[in-house]
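Colleague: Structure file target_9.txt (compact mmCIF, C-alpha atoms) is given on the next line.
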# COMPACT_ATOMS: atom_id res chain seq x y z
CA MET A 1 0.00 0.00 0.00
CA LEU A 2 1.01 3.61 -0.51
CA SER A 3 1.83 5.60 2.63
CA PRO A 4 0.35 9.09 3.18
CA ALA A 5 3.72 10.61 2.17
CA GLU A 6 3.75 8.55 -1.02
CA LEU A 7 0.18 9.56 -1.82
CA GLU A 8 1.25 13.18 -1.63
CA ARG A 9 4.50 12.59 -3.53
CA TYR A 10 2.73 10.87 -6.43
CA ALA A 11 -0.46 12.94 -6.36
CA ARG A 12 -0.05 14.18 -9.93
CA HIS A 13 0.14 10.58 -11.14
CA ILE A 14 -2.78 9.41 -9.05
CA VAL A 15 -5.18 11.99 -10.49
CA LEU A 16 -4.43 10.71 -13.99
CA ARG A 17 -7.18 8.35 -15.11
CA GLU A 18 -4.64 6.26 -17.06
CA ILE A 19 -2.47 5.68 -13.96
CA GLY A 20 -4.40 6.37 -10.76
CA GLY A 21 -3.82 4.57 -7.49
CA PRO A 22 -3.66 1.07 -9.05
CA GLY A 23 -1.09 2.22 -11.59
CA GLN A 24 1.03 3.85 -8.91
CA GLN A 25 0.97 0.63 -6.91
CA LYS A 26 2.16 -1.22 -10.03
CA LEU A 27 5.04 1.23 -10.30
CA LYS A 28 5.92 0.66 -6.65
CA ALA A 29 5.92 -3.11 -7.16
CA ALA A 30 7.92 -3.00 -10.41
CA ARG A 31 11.52 -4.14 -10.80
CA VAL A 32 13.30 -2.40 -13.69
CA LEU A 33 16.83 -3.15 -14.90
CA VAL A 34 18.73 -0.29 -16.54
CA ILE A 35 21.80 -1.13 -18.58
CA GLY A 36 24.21 1.79 -18.35
CA ALA A 37 24.19 4.79 -16.00
CA GLY A 38 25.36 7.13 -18.77
CA GLY A 39 23.75 9.60 -21.14
CA LEU A 40 20.56 7.59 -21.66
CA GLY A 41 20.54 5.85 -18.30
CA SER A 42 20.79 9.11 -16.34
CA PRO A 43 17.35 10.51 -17.25
CA VAL A 44 15.85 7.02 -17.23
CA LEU A 45 16.96 6.47 -13.64
CA GLN A 46 16.00 9.96 -12.50
CA TYR A 47 12.49 9.90 -13.93
CA LEU A 48 11.73 6.32 -12.92
CA ALA A 49 12.94 7.04 -9.40
CA ALA A 50 10.81 10.17 -9.28
CA ALA A 51 7.86 8.17 -10.63
CA GLY A 52 8.11 5.71 -7.75
CA VAL A 53 9.39 2.56 -9.45
CA GLY A 54 10.04 0.35 -6.45
CA THR A 55 13.31 -1.31 -7.46
CA LEU A 56 15.90 -0.10 -9.96
CA GLY A 57 18.75 -2.36 -10.95
CA ILE A 58 21.77 -0.62 -12.51
CA VAL A 59 24.40 -2.42 -14.59
CA ASP A 60 27.56 -0.40 -15.26
CA HIS A 61 31.22 -1.30 -14.77
CA ASP A 62 32.60 2.20 -15.39
CA THR A 63 33.61 5.12 -13.16
CA VAL A 64 32.58 8.77 -13.45
CA SER A 65 34.94 10.85 -15.60
CA LEU A 66 34.97 14.56 -16.36
CA SER A 67 33.97 14.03 -20.00
CA ASN A 68 30.80 12.22 -18.83
CA LEU A 69 29.32 15.26 -17.11
CA GLN A 70 28.30 17.03 -20.34
CA ARG A 71 25.42 14.55 -20.71
CA GLN A 72 25.36 12.07 -17.80
CA VAL A 73 23.41 14.35 -15.51
CA ILE A 74 22.81 11.90 -12.67
CA HIS A 75 26.51 12.34 -11.77
CA ASP A 76 28.37 15.47 -10.66
CA THR A 77 31.88 16.82 -10.17
CA ASP A 78 32.08 15.64 -6.56
CA HIS A 79 31.73 12.02 -7.73
CA LEU A 80 34.59 11.94 -10.25
CA GLY A 81 36.38 8.61 -10.07
CA GLU A 82 33.55 6.85 -8.24
CA PRO A 83 31.76 3.82 -9.71
CA LYS A 84 28.78 5.02 -11.72
CA VAL A 85 26.45 2.59 -9.97
CA ALA A 86 27.39 4.10 -6.59
CA SER A 87 27.08 7.69 -7.82
CA ALA A 88 23.68 6.94 -9.37
CA ALA A 89 22.48 5.15 -6.23
CA GLU A 90 23.35 8.19 -4.10
CA ALA A 91 21.48 10.51 -6.47
CA ILE A 92 18.41 8.26 -6.43
CA ALA A 93 18.43 8.10 -2.63
CA ARG A 94 18.41 11.90 -2.49
CA LEU A 95 15.59 12.06 -5.02
CA ASN A 96 13.28 9.38 -3.62
CA PRO A 97 13.98 7.36 -0.45
CA TYR A 98 11.15 4.95 -1.31
CA VAL A 99 13.13 3.49 -4.25
CA ALA A 100 15.46 0.53 -3.70
CA VAL A 101 18.60 0.39 -5.84
CA GLU A 102 20.35 -2.84 -6.77
CA PRO A 103 23.82 -1.96 -8.13
CA HIS A 104 25.58 -4.36 -10.49
CA PRO A 105 29.10 -2.95 -10.97
CA GLU A 106 29.97 -5.27 -13.83
CA ARG A 107 30.00 -5.41 -17.60
CA LEU A 108 27.05 -7.14 -19.25
CA GLY A 109 28.30 -10.24 -21.07
CA GLY A 110 27.33 -13.68 -22.24
CA HIS A 111 28.19 -15.08 -18.80
CA ASN A 112 25.74 -12.93 -16.81
CA ALA A 113 23.12 -11.45 -19.17
CA LEU A 114 20.52 -14.18 -18.70
CA SER A 115 20.76 -14.17 -14.90
CA LEU A 116 20.68 -10.37 -14.62
CA VAL A 117 17.72 -9.95 -16.95
CA GLY A 118 15.82 -12.79 -15.30
CA GLY A 119 15.56 -10.94 -12.01
CA TYR A 120 13.52 -8.00 -13.32
CA ASP A 121 10.14 -7.26 -14.91
CA LEU A 122 11.30 -4.79 -17.56
CA VAL A 123 14.68 -3.93 -19.07
CA ILE A 124 15.90 -0.61 -20.47
CA ASP A 125 18.91 -0.46 -22.77
CA GLY A 126 21.10 2.59 -22.20
CA SER A 127 24.24 0.99 -23.62
CA ASP A 128 26.56 2.65 -26.10
CA ASN A 129 27.71 -0.26 -28.27
CA PHE A 130 26.15 -2.70 -30.71
CA MET A 131 27.43 -5.90 -29.14
CA THR A 132 25.67 -5.11 -25.87
CA ARG A 133 22.43 -4.25 -27.69
CA TYR A 134 22.33 -7.59 -29.49
CA LEU A 135 23.34 -9.52 -26.38
CA LEU A 136 20.71 -7.76 -24.28
CA SER A 137 17.91 -8.16 -26.81
CA ASP A 138 18.66 -11.89 -27.08
CA ALA A 139 18.70 -12.28 -23.29
CA CYS A 140 15.36 -10.48 -22.93
CA TYR A 141 13.82 -12.80 -25.52
CA TYR A 142 15.03 -15.92 -23.72
CA ARG A 143 13.86 -14.58 -20.35
CA LYS A 144 10.58 -13.26 -21.79
CA LYS A 145 11.15 -9.68 -20.65
CA PRO A 146 10.09 -6.53 -22.53
CA LEU A 147 13.00 -4.34 -23.62
CA ILE A 148 12.97 -0.61 -24.31
CA THR A 149 16.01 0.18 -26.41
CA ALA A 150 17.29 3.51 -27.70
CA ALA A 151 20.36 4.82 -29.48
CA VAL A 152 21.74 8.28 -30.21
CA GLY A 153 23.98 9.78 -32.87
CA ARG A 154 25.37 13.29 -33.15
CA PHE A 155 22.01 15.08 -33.41
CA ASP A 156 19.57 12.20 -33.85
CA GLY A 157 18.24 9.22 -31.98
CA SER A 158 15.81 6.31 -32.17
CA LEU A 159 13.71 4.19 -29.84
CA THR A 160 11.59 1.05 -29.96
CA LEU A 161 9.90 -1.46 -27.66
CA LEU A 162 10.73 -5.14 -28.11
CA LYS A 163 8.38 -7.96 -27.05
CA PRO A 164 9.37 -10.82 -29.37
CA HIS A 165 8.26 -13.40 -26.79
CA GLU A 166 4.67 -12.30 -27.50
CA THR A 167 2.60 -12.43 -30.68
CA ALA A 168 1.05 -9.72 -32.85
CA PRO A 169 -2.75 -9.49 -33.33
CA ASP A 170 -2.45 -11.49 -36.56
CA GLY A 171 -0.79 -14.37 -34.71
CA THR A 172 2.74 -13.86 -36.01
CA PRO A 173 5.55 -13.32 -33.50
CA ASN A 174 6.45 -9.77 -32.60
CA PRO A 175 9.66 -8.62 -34.28
CA THR A 176 13.07 -8.88 -32.65
CA TYR A 177 15.97 -6.43 -32.70
CA ARG A 178 17.48 -8.76 -35.31
CA CYS A 179 14.43 -8.28 -37.54
CA LEU A 180 15.16 -4.56 -37.52
CA PHE A 181 18.97 -4.82 -37.73
CA PRO A 182 19.91 -8.34 -38.88
CA ALA A 183 23.59 -8.22 -37.90
CA PRO A 184 25.92 -5.96 -35.90
CA PRO A 185 28.08 -3.62 -37.99
CA LYS A 186 31.75 -4.43 -38.26
CA PRO A 187 33.94 -2.80 -35.61
CA GLY A 188 34.95 0.72 -36.60
CA VAL A 189 32.18 1.22 -39.18
CA VAL A 190 30.00 3.31 -36.86
CA PRO A 191 31.99 5.91 -34.87
CA SER A 192 31.55 6.05 -31.13
CA CYS A 193 30.24 9.16 -29.41
CA ALA A 194 33.81 9.90 -28.29
CA GLU A 195 34.81 9.99 -31.96
CA ALA A 196 31.76 11.64 -33.53
CA GLY A 197 30.45 13.69 -30.61
CA VAL A 198 26.92 13.96 -29.23
CA VAL A 199 24.76 16.77 -27.84
CA GLY A 200 24.12 16.15 -24.16
CA ALA A 201 20.51 17.32 -24.27
CA LEU A 202 19.79 14.75 -27.01
CA THR A 203 20.54 11.87 -24.66
CA GLY A 204 18.18 13.55 -22.19
CA ILE A 205 15.38 13.56 -24.75
CA LEU A 206 15.79 9.91 -25.73
CA GLY A 207 16.32 8.75 -22.16
CA THR A 208 13.21 10.60 -21.04
CA LEU A 209 11.24 8.93 -23.84
CA GLN A 210 12.51 5.57 -22.58
CA ALA A 211 11.33 6.42 -19.07
CA MET A 212 7.92 7.44 -20.44
CA GLU A 213 7.59 4.12 -22.28
CA ALA A 214 8.58 2.25 -19.13
CA ILE A 215 5.87 4.01 -17.10
CA LYS A 216 3.33 3.18 -19.81
CA ALA A 217 4.43 -0.44 -19.98
CA ILE A 218 4.22 -0.90 -16.21
CA THR A 219 0.86 0.83 -15.71
CA GLY A 220 -0.77 -0.31 -18.96
CA ALA A 221 -1.35 3.25 -20.16
CA GLY A 222 -1.40 3.96 -23.88
CA GLU A 223 0.25 1.98 -26.67
CA GLY A 224 3.92 1.03 -26.82
CA PRO A 225 5.99 1.26 -30.03
CA VAL A 226 6.19 -2.47 -30.72
CA GLY A 227 7.09 -2.90 -34.38
CA ARG A 228 7.76 0.84 -34.72
CA LEU A 229 11.14 2.52 -34.73
CA VAL A 230 10.60 6.10 -33.56
CA MET A 231 13.27 8.46 -34.90
CA PHE A 232 14.04 11.93 -33.57
CA ASN A 233 16.07 14.59 -35.42
CA ALA A 234 17.16 17.42 -33.16
CA LEU A 235 18.46 19.68 -35.93
CA SER A 236 15.08 19.85 -37.66
CA LEU A 237 13.02 19.09 -34.52
CA ARG A 238 11.14 16.33 -36.32
CA MET A 239 9.94 12.95 -35.15
CA ASP A 240 9.21 10.20 -37.66
CA GLU A 241 8.79 6.45 -37.49
CA ILE A 242 9.18 3.34 -39.61
CA ALA A 243 7.22 0.14 -39.16
CA TYR A 244 9.02 -3.19 -39.07
CA ARG A 245 7.73 -6.75 -38.83
CA TRP A 246 8.84 -10.18 -37.79
CA SER A 247 11.29 -11.73 -40.23
CA PRO A 248 11.13 -15.52 -40.58
CA THR A 249 14.85 -15.50 -41.38
CA ASN A 250 15.92 -13.81 -38.14
CA PRO A 251 18.12 -16.14 -36.08
CA LEU A 252 16.41 -15.51 -32.73
CA ASN A 253 12.73 -16.48 -33.18
CA GLY A 254 12.65 -17.14 -36.91
CA LYS A 255 11.94 -20.45 -38.61
CA ALA A 256 15.48 -21.74 -37.94
CA PRO A 257 16.45 -20.20 -34.60
CA LEU A 258 19.97 -20.47 -33.23
CA THR A 259 20.89 -21.35 -29.67
CA TRP A 260 22.26 -18.83 -27.17
CA ALA A 261 25.80 -20.16 -27.72
CA GLU A 262 25.43 -20.10 -31.51
CA LEU A 263 24.23 -16.49 -31.43
CA ARG A 264 27.21 -15.45 -29.29
CA GLU A 265 29.63 -17.17 -31.65
CA ARG A 266 27.95 -15.65 -34.71
CA ASP A 267 28.12 -12.11 -33.32
CA THR A 268 31.83 -12.35 -32.46
CA ARG A 269 33.05 -13.67 -35.79
What does this structure look like when you write it as structure tokens?
Modeller:
Amino acid sequence: MLSPAELERYARHIVLREIGGPGQQKLKAARVLVIGAGGLGSPVLQYLAAAGVGTLGIVDHDTVSLSNLQRQVIHDTDHLGEPKVASAAEAIARLNPYVAVEPHPERLGGHNALSLVGGYDLVIDGSDNFMTRYLLSDACYYRKKPLITAAVGRFDGSLTLLKPHETAPDGTPNPTYRCLFPAPPKPGVVPSCAEAGVVGALTGILGTLQAMEAIKAITGAGEGPVGRLVMFNALSLRMDEIAYRWSPTNPLNGKAPLTWAELRERDTR
């Protein structure tokens, strides 16, 4: 149940017909895993903590550096050199003492992805590399967990919701990340944000959209972008989308699916 202090804290949610008291209780009971406490993960963690998500798991092996602070707004100068999971946990505690934080100061890999994902209701991808995105999307499929994934470029970003363990209204499986992007690009083809640059506020926009989709998914409000890649261009201030469908040739839930080990080997060739 919500305490009197929580009722006051979340009053603006509770008056919303689409959320209300039952929705706020769902948020309190929810366990959300956030991969990365960086540019995307910062606003995700801040807004989900403020929204009253009961348990936030944070996976990040890195420490806070000065170059992070242009966009990773959950951290500050006083926490330079500290593990990002610890810095983020302190910020969340200051923001909302009713939120429990489960820090995972480790790199997501083939050895731990399935166990980490399995302990949560919903997963949010705030990673900054393709190998992690494919690994995470595969793990969420095997553990039957919805995944909200986003990516940013210099002045643009994209977002989608993945539920390939469920079926579409026509009975076909929902699409996977591999239906949208069949294979990871070769190393060095796509420059990193350190090489190409990125506007800090852009990561705030995409991360906030991820938090919004998480709140919707937990409370049942609205419609999630399953099978839709939402694209945002900051330079023109335009938002567009493309529809994508299940591909029977995708190696995850297609007609000839590969095993977890085979997928890992394929992606590292």
Colleague: Find the spatial neighbours of Thr203 in chain A, counting only C-alpha atoms, within a cut-off of 12 Å - ignore same-chain residues fewer than 4 positions away - and output them as a PyMOL selection string.
Modeller: chain A and resi 37-44+68+70-73+126-128+150-159+193+197-199+207-210+232-234
Colleague: Separation of CA of Val230 in chain A and CA of Ile205 in chain A, in Å?
Modeller: 12.5 Å
Colleague: Give me the residues near Val59 in chain A as a list in words, where near means some atom within 7 Å (using all atoms listed in the file) and where sequence neighbours in that chain fewer than 4 positions away do not count.
Modeller: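 These residues fall inside the cut-off: Val34, Ile35, Gly36, Pro103, His104, Pro105 and Glu106 of chain A.
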Colleague: Counting all atoms listed in the file, which residues have an atom no more than 7 Å from (15.5, -11.5, -34.0) in the file's coordinates? Please list them as a ChimeraX atom specification.
Modeller: /A:175-179,250-254
Colleague: Might you pull out every residue within 10 Å of Leu69 in chain A, with only C-alpha atoms counted and same-chain residues fewer than 5 positions away left off, and present them as a ChimeraX atom specification?
Modeller: /A:38-39,64,74-77,80,200
Colleague: Can you tell me, as a list in words, what residues are no more than 10 Å from Leu48 in chain A when counting all atoms listed in the file, ignoring any on the same chain fewer than 2 positions away?
Modeller: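 Selected residues are Leu27, Val32, Pro43, Val44, Leu45, Gln46, Ala50, Ala51, Gly52, Val53, Gly54, Thr55, Leu56, Ile92, Asn96, Val99, Thr208, Gln210, Ala211, Met212, Ala214 and Ile215 of chain A.
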Colleague: Hey, which of A:Arg9, A:Arg245, A:Lys26, A:Arg143 ends up closest to Lys216 in chain A? Count all atoms listed in the file.
Modeller: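 Result for the nearest residue to Lys216 in chain A: A:Lys26.
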Colleague: Report as CSV: every residue of range 199-263 of chain A with an atom at most 9 Å from range 162-167 of chain A, its closest pair of atoms, and their distance in Å to one decimal, counting all atoms listed in the file, with rows sorted by chain and ascending residue number.
Modeller:
residue,atom,partner,partner_atom,distance
A:Pro225,CA,A:Leu162,CA,8.2
A:Val226,CA,A:Leu162,CA,5.9
A:Gly227,CA,A:Leu162,CA,7.6
A:Trp246,CA,A:Pro164,CA,8.5
A:Asn253,CA,A:Pro164,CA,7.6
Colleague: Quick one: pull the distance between CA of Gly81 in chain A and CA of Ser65 in chain A, Å, one decimal.
Modeller: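 These two atoms are separated by 6.1 Å.
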Colleague: How many Å separate CA of Asp125 in chain A from CA of Leu33 in chain A?
Modeller: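 Taking CA of Asp125 in chain A and CA of Leu33 in chain A, their separation equals 8.6 Å.
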